[in-house]
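Taking it in order: structure first as structure tokens, then the write-up.
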Amino acid sequence: MVDMKIENVYKYYAGSEDVAAVHDLNMEVKDGEFVAILGPSGCGKSSTMRMISGLEHISAGTISFGGEVVNEMAPKDRDIAMVFENYALYPHKSVFDNVANPLKLAGVSVDEIKRRVVEATTLLEIEHLLDRRPQELSGGQKQRVAIGRAIVRQPQVFLFDEPIAHLDAKLRARMRSELKRLQVDLGVTSLYVTHDQLEALSMADRVAVMHEGILQQYDTPDVIYQKPANAWVATFVGEPQMSLLECTIKTKGTGAVLDFQGHEIKVNAEIAKVLKACKEQDVLAGFRPSNVEVTGKKSAGAMEGVVYSRQLLGGEILAEAQVNETFIRSKVELNFDLNLGDKCYISLSDSKMNIFSAETGVAIF
Amino acid sequence: MASRELIKYDNSPALKLLKLLTPLFLTVYLIWTLLPLFIMVMASMKDLLDAFDTPKTGDWAGVAMFFDFTPTFKHYYVLFAENNFGIYLMNSLIASLGSAVVAVTLGSMAAYSLARMEFRGKKDLLFWIISTRMAPMVAVTVPLYAIFRSLDLVGTLPGLILAFTTFNLPFAIWILKGFFENVPYAIEEAAQLDGCTRFQAFLMIVPLVAPGVGAFLVLCILFAWNDFLFATIIGSGGAKTLPAATKELVQPQNIDWGKIMAAGVITTAPMIPLGLLVRRYLVAGLTMGAVRE
């Protein structure tokens, strides 16, 4: 149970010293917090986790647990436990021996080992599998064994490296809630690496979004979803993806509007004020599908487009409309009666939007 | 999961003929392989007169003559009592086992580093290691003998073990490297996080390569046991092994076939139970690829 500080950390890999896998990372994780590191492949999240665990050297900067710098410490001395993406179970050992391994190495007494292993496996509902070998288990069971091996030690920090990536969708959904509960019950500082934004948003207290080695935004899931720091984070987080429209700011009377390919997008007073004060002319206006309406009926202020696709999402339909080269996504009711190629009218919210600089992508509103 | 059967749709007459001929061919092959061994065992137990008692050509009924004899173990007795075959047997055992153990111990350590680490010149090093096995052993016997002679290793068991290791070690490194590469590194990483040092993590994966290593150990013993070239050239004198000793039974004045047959049986016999013992692991070990979670 400890807090973690990552200060000015860089990671360079041998053979590609001109490109930093992790570039000047600064973040702190509070004691007992569940932090997700989110990003696509190659963004540096796994490198960061491996540096924290000690499996990779830290090229520059310091990582400390509870004030103690751990750069020079071997993995075994850092008092951390890790759950690997491919579980990394010992194939020649039984489930019991797999989970008991860290305790055995620490020299814990046989009785104590038995007690703790049974306790951990019962919590994870795998106590009936103690005599089996990893080859005889399903993916979900193997993952629980891996988690059991991690929690049985009661370490200072948990590291999860995409632990549910290889499970089927239903099991993933179930494990999301179970892992969250587990972390809350155990109260251990946890770091969770994933490329799935849904996992990050649903489980973490705070999310660190990384892209090409650089930390993009580090905040609560709420803020990251509502107020992404830049256009890249905006399109990466949120499913279905936010639609970005290339607009220019035009003053209209005392306020301002967004001009999108000749069509005027109205904005409320608050946004108008920000737009007027903005020094840049070209911006990207981002609209989440829930803030876009697509209908067959023309209405005031609506844009004309063509239905590009429609996907049933269960309780609603994701409709994608095409306006020249831009695609705008919208969530519509099940009674949506337009088909592919039909003419449609798109209405955008005047208040629920995100504005980004077209040049740098940084958020303006 | 896809079926593992060999799906064939070919019913041509050629294939049907092949199906008929295959058992026939295999029977002939089996006889071809086993007959010399059979003759050797039989002859080793026959008095010399009985051994040379063969039927006339064309006399198929006379085959029964081969089996009409009183078995005697006098050839074996003489080999051990007069010809020091007990010592030669020990030499063969010590030299083969010793060389196999040395090759596997050193080889597994080298193989592990080559499997896990990257460094400059690695490809060249690997090629150099395997290239030593490409050269015919005969080509290096003269310089090798000179070196061993100057180190006073000729005719000694340690010298012979070293000589056998020269061909067992590169082979060991090459094969064992493949075994280590089949073990996911994540297992060692998990071990390190569990509390192992890097070396302890290596020890933890040893049981995973053990079947392969065991099978390979048997192979090394076999190669060393059967070796004739180094045994005669480097081992002659104080470290004579069974193949070399058997050769010496061919004297200019007399070829004692009875003794030679017996010597052949003594040389072949120990390898058979060894093979049967590790048969289970030999195929699994050599085709390892099943180490996946």
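Letters for chains follow the order of the structure tokens (A, B, ...), residue numbers begin at 1 for each chain, and ligand numbers begin at 1 in the order shown.
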7 Å contact set for Pro243 of chain B, only C-alpha atoms, chain neighbours under 4 positions out, as a PyMOL selection string: chain B and resi 226+228+247
Tell me as a compact mmCIF listing (two decimals) with C-alpha atoms, in the first residue's frame which residues belonging to chain A come within 8 Å of chain B, counting only C-alpha atoms.
```
# COMPACT_ATOMS: atom_id res chain seq x y z
CA SER A 53 8.27 -3.74 -12.54
CA LEU A 55 11.98 -6.05 -16.14
CA ALA A 74 15.75 -6.00 -8.95
CA PRO A 75 12.13 -7.01 -9.62
CA LYS A 76 12.15 -9.35 -6.66
CA ASP A 77 13.05 -6.56 -4.24
CA ILE A 80 5.24 -5.77 -6.60
CA ALA A 81 3.12 -8.41 -8.29
CA MET A 82 2.29 -8.54 -11.97
CA PHE A 84 0.84 -10.92 -17.49
CA ASN A 86 -0.42 -14.36 -21.49
CA ALA A 88 2.92 -16.77 -17.71
CA LEU A 89 1.92 -19.70 -15.53
CA TYR A 90 4.47 -22.44 -14.83
CA PRO A 91 3.32 -25.30 -17.08
CA HIS A 92 4.98 -28.02 -15.04
CA ASN A 101 5.37 -20.04 -5.73
CA PRO A 102 6.02 -16.48 -4.50
CA LEU A 105 10.40 -18.28 -2.52
CA ALA A 106 9.83 -15.91 0.38
CA PRO A 134 -2.37 -24.99 -16.54
CA GLN A 135 -2.86 -26.93 -19.77
```
Selection: 7 Å around segment 86-99 of chain B, only C-alpha atoms, excl. self and same-chain fewer than 2 positions, as a ChimeraX atom specification: /B:80,84,101-103,157,160-162,164-165,221,224-225,239-242
Residues of the last selection are to be written out with N, CA and C atoms, as an mmCIF file, in the first residue's frame.
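See selection-v9.cif below for the written result:
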```
data_model
loop_
_atom_site.group_PDB
_atom_site.id
_atom_site.type_symbol
_atom_site.label_atom_id
_atom_site.label_comp_id
_atom_site.auth_asym_id
_atom_site.auth_seq_id
_atom_site.Cartn_x
_atom_site.Cartn_y
_atom_site.Cartn_z
ATOM 1 N N PHE B 80 36.722 -61.375 -21.099
ATOM 2 C CA PHE B 80 36.837 -60.665 -19.829
ATOM 3 C C PHE B 80 38.047 -61.132 -19.024
ATOM 4 N N ASN B 84 41.036 -58.384 -21.014
ATOM 5 C CA ASN B 84 40.767 -57.122 -20.306
ATOM 6 C C ASN B 84 39.543 -56.356 -20.794
ATOM 7 N N VAL B 101 27.843 -35.618 -20.175
ATOM 8 C CA VAL B 101 27.554 -34.693 -19.070
ATOM 9 C C VAL B 101 28.224 -33.343 -19.299
ATOM 10 N N VAL B 102 29.504 -33.377 -19.704
ATOM 11 C CA VAL B 102 30.217 -32.118 -19.952
ATOM 12 C C VAL B 102 29.540 -31.340 -21.069
ATOM 13 N N ALA B 103 29.228 -32.030 -22.163
ATOM 14 C CA ALA B 103 28.617 -31.348 -23.308
ATOM 15 C C ALA B 103 27.275 -30.738 -22.932
ATOM 16 N N LEU B 157 41.786 -41.032 -20.009
ATOM 17 C CA LEU B 157 40.335 -40.894 -20.086
ATOM 18 C C LEU B 157 39.887 -39.426 -20.178
ATOM 19 N N LEU B 160 40.245 -38.377 -23.624
ATOM 20 C CA LEU B 160 39.237 -38.944 -24.505
ATOM 21 C C LEU B 160 37.903 -38.230 -24.330
ATOM 22 N N ILE B 161 37.555 -37.936 -23.083
ATOM 23 C CA ILE B 161 36.309 -37.201 -22.819
ATOM 24 C C ILE B 161 36.343 -35.862 -23.549
ATOM 25 N N LEU B 162 37.497 -35.202 -23.461
ATOM 26 C CA LEU B 162 37.644 -33.917 -24.138
ATOM 27 C C LEU B 162 37.473 -34.085 -25.637
ATOM 28 N N PHE B 164 35.787 -36.391 -27.262
ATOM 29 C CA PHE B 164 34.377 -36.628 -27.586
ATOM 30 C C PHE B 164 33.574 -35.338 -27.471
ATOM 31 N N THR B 165 33.953 -34.512 -26.515
ATOM 32 C CA THR B 165 33.215 -33.264 -26.320
ATOM 33 C C THR B 165 33.356 -32.341 -27.520
ATOM 34 N N ILE B 221 25.653 -39.753 -25.443
ATOM 35 C CA ILE B 221 26.271 -40.996 -24.983
ATOM 36 C C ILE B 221 26.448 -41.944 -26.155
ATOM 37 N N ALA B 224 29.292 -40.887 -28.517
ATOM 38 C CA ALA B 224 30.603 -41.118 -27.935
ATOM 39 C C ALA B 224 30.905 -42.613 -27.833
ATOM 40 N N TRP B 225 29.923 -43.371 -27.465
ATOM 41 C CA TRP B 225 30.095 -44.815 -27.293
ATOM 42 C C TRP B 225 30.502 -45.474 -28.600
ATOM 43 N N ALA B 239 43.377 -45.450 -22.555
ATOM 44 C CA ALA B 239 41.933 -45.217 -22.507
ATOM 45 C C ALA B 239 41.233 -45.944 -23.637
ATOM 46 N N LYS B 240 41.589 -47.181 -23.828
ATOM 47 C CA LYS B 240 40.999 -47.925 -24.931
ATOM 48 C C LYS B 240 39.537 -48.213 -24.659
ATOM 49 N N THR B 241 38.690 -47.957 -25.677
ATOM 50 C CA THR B 241 37.270 -48.234 -25.523
ATOM 51 C C THR B 241 36.908 -49.476 -26.326
ATOM 52 N N LEU B 242 35.678 -49.922 -26.196
ATOM 53 C CA LEU B 242 35.237 -51.159 -26.826
ATOM 54 C C LEU B 242 35.432 -51.204 -28.348
#
```
Nearest candidate to Leu159 of chain A (options A:Glu136, A:Glu119, A:Glu85, A:Glu199; using only C-alpha atoms):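 The closest residue to Leu159 of chain A is A:Glu85.
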Nearby residues (only C-alpha atoms) at most 12 Å from Val362 of chain A, same-chain spacing under 6 positions excluded, as JSON, numbers by chain: {"A": [216, 217, 227, 228, 229, 230, 231, 232, 233, 234, 280, 283, 284, 285, 354, 355, 356]}
With C-alpha atoms retained, could you export that selection as a PDB file, in the first residue's frame?
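Below you can see selection05.pdb, which holds the result:
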```
ATOM      1  CA  GLN A 216      -1.534  13.021 -23.489  1.00  0.00           C
ATOM      2  CA  GLN A 217      -3.838  13.426 -20.539  1.00  0.00           C
ATOM      3  CA  LYS A 227     -13.080  17.199 -21.862  1.00  0.00           C
ATOM      4  CA  PRO A 228     -10.344  15.440 -23.844  1.00  0.00           C
ATOM      5  CA  ALA A 229      -7.111  17.419 -23.880  1.00  0.00           C
ATOM      6  CA  ASN A 230      -6.613  17.098 -27.616  1.00  0.00           C
ATOM      7  CA  ALA A 231      -8.245  15.779 -30.771  1.00  0.00           C
ATOM      8  CA  TRP A 232      -6.338  12.492 -30.656  1.00  0.00           C
ATOM      9  CA  VAL A 233      -7.585  11.657 -27.151  1.00  0.00           C
ATOM     10  CA  ALA A 234     -11.075  12.719 -28.208  1.00  0.00           C
ATOM     11  CA  GLU A 280      -6.968  30.689 -34.471  1.00  0.00           C
ATOM     12  CA  VAL A 283     -10.714  24.517 -35.685  1.00  0.00           C
ATOM     13  CA  LEU A 284     -11.996  20.967 -35.347  1.00  0.00           C
ATOM     14  CA  ALA A 285     -15.445  20.666 -33.823  1.00  0.00           C
ATOM     15  CA  ASN A 354     -15.478  19.921 -28.060  1.00  0.00           C
ATOM     16  CA  ILE A 355     -13.412  22.423 -30.015  1.00  0.00           C
ATOM     17  CA  PHE A 356      -9.798  21.692 -30.967  1.00  0.00           C
TER      18      PHE A 356
END
```
Expected answer as a ChimeraX atom specification: alpha helix (DSSP H) residues in segment 25-262 of chain B: /B:25-44,48-51,74-81,85-116,122-131,137-150,157-181,185-194,198-226,229-233,242-248,257-262
Test item: residues at most 10 Å from Thr70 of chain B, only C-alpha atoms, excluding those fewer than 5 positions along its chain, as number ranges by chain: B: 45-47, 50
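Restricting the calculation to only C-alpha atoms, the smallest distance between Leu338 of chain A and any of A:Val2, A:Leu244, A:Ala319, A:Leu129 is found for A:Ala319.
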Within 7 Å of Pro221 of chain A using only C-alpha atoms, minus same-chain residues under 4 positions, as a list in words: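 Surrounding residues, per the criterion: Leu201, Arg206, Val207 and Tyr225 of chain A.
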Which of segment 95-199 of chain A fall in strand (DSSP E or B), as a list of chain:residue names: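 Those in segment 95-199 of chain A that DSSP calls strand (DSSP E or B) are A:Val157, A:Phe158, A:Leu159, A:Phe160, A:Asp161, A:Thr189, A:Ser190, A:Leu191, A:Tyr192, A:Val193, A:Thr194.
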Residue contacts of segment 300-317 of chain A (8 Å, only C-alpha atoms) excluding same-chain residues fewer than 2 positions away, as a PyMOL selection string: chain A and resi 263-266+298+319-324+331-334+336+338-348
Residue among B:Tyr9, B:Phe25, B:Phe167, B:Phe85 lying closest to Cys220 of chain B, counting only C-alpha atoms: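 Answer, going by the shortest atom-to-atom distance: B:Phe167.
In this model, the gap between atom CA of Glu359 of chain A and atom CA of Thr48 of chain A comes to 29.0 Å.
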Gap from atom CA of Leu38 of chain A to atom CA of His211 of chain A - Å, one decimal: 8.7 Å
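Coordinates place atom CA of Lys30 of chain A at a distance of 18.5 Å from atom CA of Leu179 of chain A.
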Residue with smallest distance to Leu219 of chain B - pool B:Val140, B:Leu169, B:Ile129, B:Ile233, counting only C-alpha atoms: B:Leu169
